[in-house]
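**Q** Below you'll find the structure I mean.
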Amino acid sequence: MDAVRACCAGMDIHQETVVVCILRGPLDIKPRPQIRTFGTTTKELLQVQDWLTENECKEVAMESTGVFWKPVWNVLETSCKLTLANPKHIK
């Protein structure tokens with residue numbers, strides 16, 4: 001599959017953790033994933049926002065079941081373009 005974004009992130013959100021994967025690089029070269037796991041407190045979600053900003057990542061897709069995505073959305077909505085997806089429908 002060809003890359004269509006120079007930088008984007010995917011998140012897997014759970015009750016106690018948020019796993020973030022950033023893919024960044026030229027479109028003609030396969031990017032290396034940068035993966036970090038964060039907690040779900042407000043302080044830790046602000047660390048997620050800082051890490052995304054440091055990597056100039058503005059587009060984020062998140063997958064979550066239940067309501068665990070809501071605090072993450074609230075923290076990131078002013079700094080990122082967010083997409084929420086059902087884990088059954090994306091890879």
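Each chain in the structure tokens gets a letter, A, B, ..., in the order shown, and its residues are numbered from 1; ligands are numbered from 1 in order too.
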Find the residues near stretch 59-76 of chain A: any atom within 9 Å, counting only C-alpha atoms, skip ones fewer than 5 places away on the same chain, and give them as number ranges by chain.
**A** A: 5, 7-16, 18, 20, 22, 40-42, 45-46, 48-49, 81-87, 90
**Q** Limited to C-alpha atoms, could you put the picked residues into a file as a PDB file, in the first residue's frame?
**A**
```pdb
ATOM      1  CA  ARG A   5       0.467  11.031   4.588  1.00  0.00           C
ATOM      2  CA  CYS A   7       3.016  11.937   9.235  1.00  0.00           C
ATOM      3  CA  CYS A   8       0.099  10.351  11.064  1.00  0.00           C
ATOM      4  CA  ALA A   9      -0.593   8.488  14.265  1.00  0.00           C
ATOM      5  CA  GLY A  10      -2.800   5.642  15.372  1.00  0.00           C
ATOM      6  CA  MET A  11      -3.989   5.077  18.928  1.00  0.00           C
ATOM      7  CA  ASP A  12      -5.322   2.037  20.711  1.00  0.00           C
ATOM      8  CA  ILE A  13      -7.160   3.266  23.791  1.00  0.00           C
ATOM      9  CA  HIS A  14      -7.846   1.114  26.826  1.00  0.00           C
ATOM     10  CA  GLN A  15      -9.074   1.845  30.338  1.00  0.00           C
ATOM     11  CA  GLU A  16      -5.590   2.307  31.813  1.00  0.00           C
ATOM     12  CA  VAL A  18      -3.089   4.558  25.463  1.00  0.00           C
ATOM     13  CA  VAL A  20       0.364   5.520  20.250  1.00  0.00           C
ATOM     14  CA  ILE A  22       3.523   7.506  14.850  1.00  0.00           C
ATOM     15  CA  THR A  40      -4.785   7.773  30.985  1.00  0.00           C
ATOM     16  CA  THR A  41      -4.491  10.522  33.591  1.00  0.00           C
ATOM     17  CA  THR A  42      -4.791  14.104  32.361  1.00  0.00           C
ATOM     18  CA  LEU A  45      -2.637  12.572  28.090  1.00  0.00           C
ATOM     19  CA  LEU A  46      -0.944  15.976  27.941  1.00  0.00           C
ATOM     20  CA  VAL A  48       0.705  12.335  24.470  1.00  0.00           C
ATOM     21  CA  GLN A  49      -0.196  15.747  23.058  1.00  0.00           C
ATOM     22  CA  LYS A  81      -7.384  16.320  13.319  1.00  0.00           C
ATOM     23  CA  LEU A  82      -9.016  13.297  14.949  1.00  0.00           C
ATOM     24  CA  THR A  83     -10.801  10.264  13.567  1.00  0.00           C
ATOM     25  CA  LEU A  84     -12.592   7.812  15.841  1.00  0.00           C
ATOM     26  CA  ALA A  85     -13.067   4.317  14.469  1.00  0.00           C
ATOM     27  CA  ASN A  86     -14.584   1.086  15.644  1.00  0.00           C
ATOM     28  CA  PRO A  87     -11.783  -1.506  16.041  1.00  0.00           C
ATOM     29  CA  ILE A  90     -10.100  -0.855  10.809  1.00  0.00           C
TER      30      ILE A  90
END
```
**Q** Distance atom CA of A:Arg24-atom CA of A:Lys43, one decimal place?
**A**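 Pair atom CA of A:Arg24 / atom CA of A:Lys43 returns 24.9 Å.
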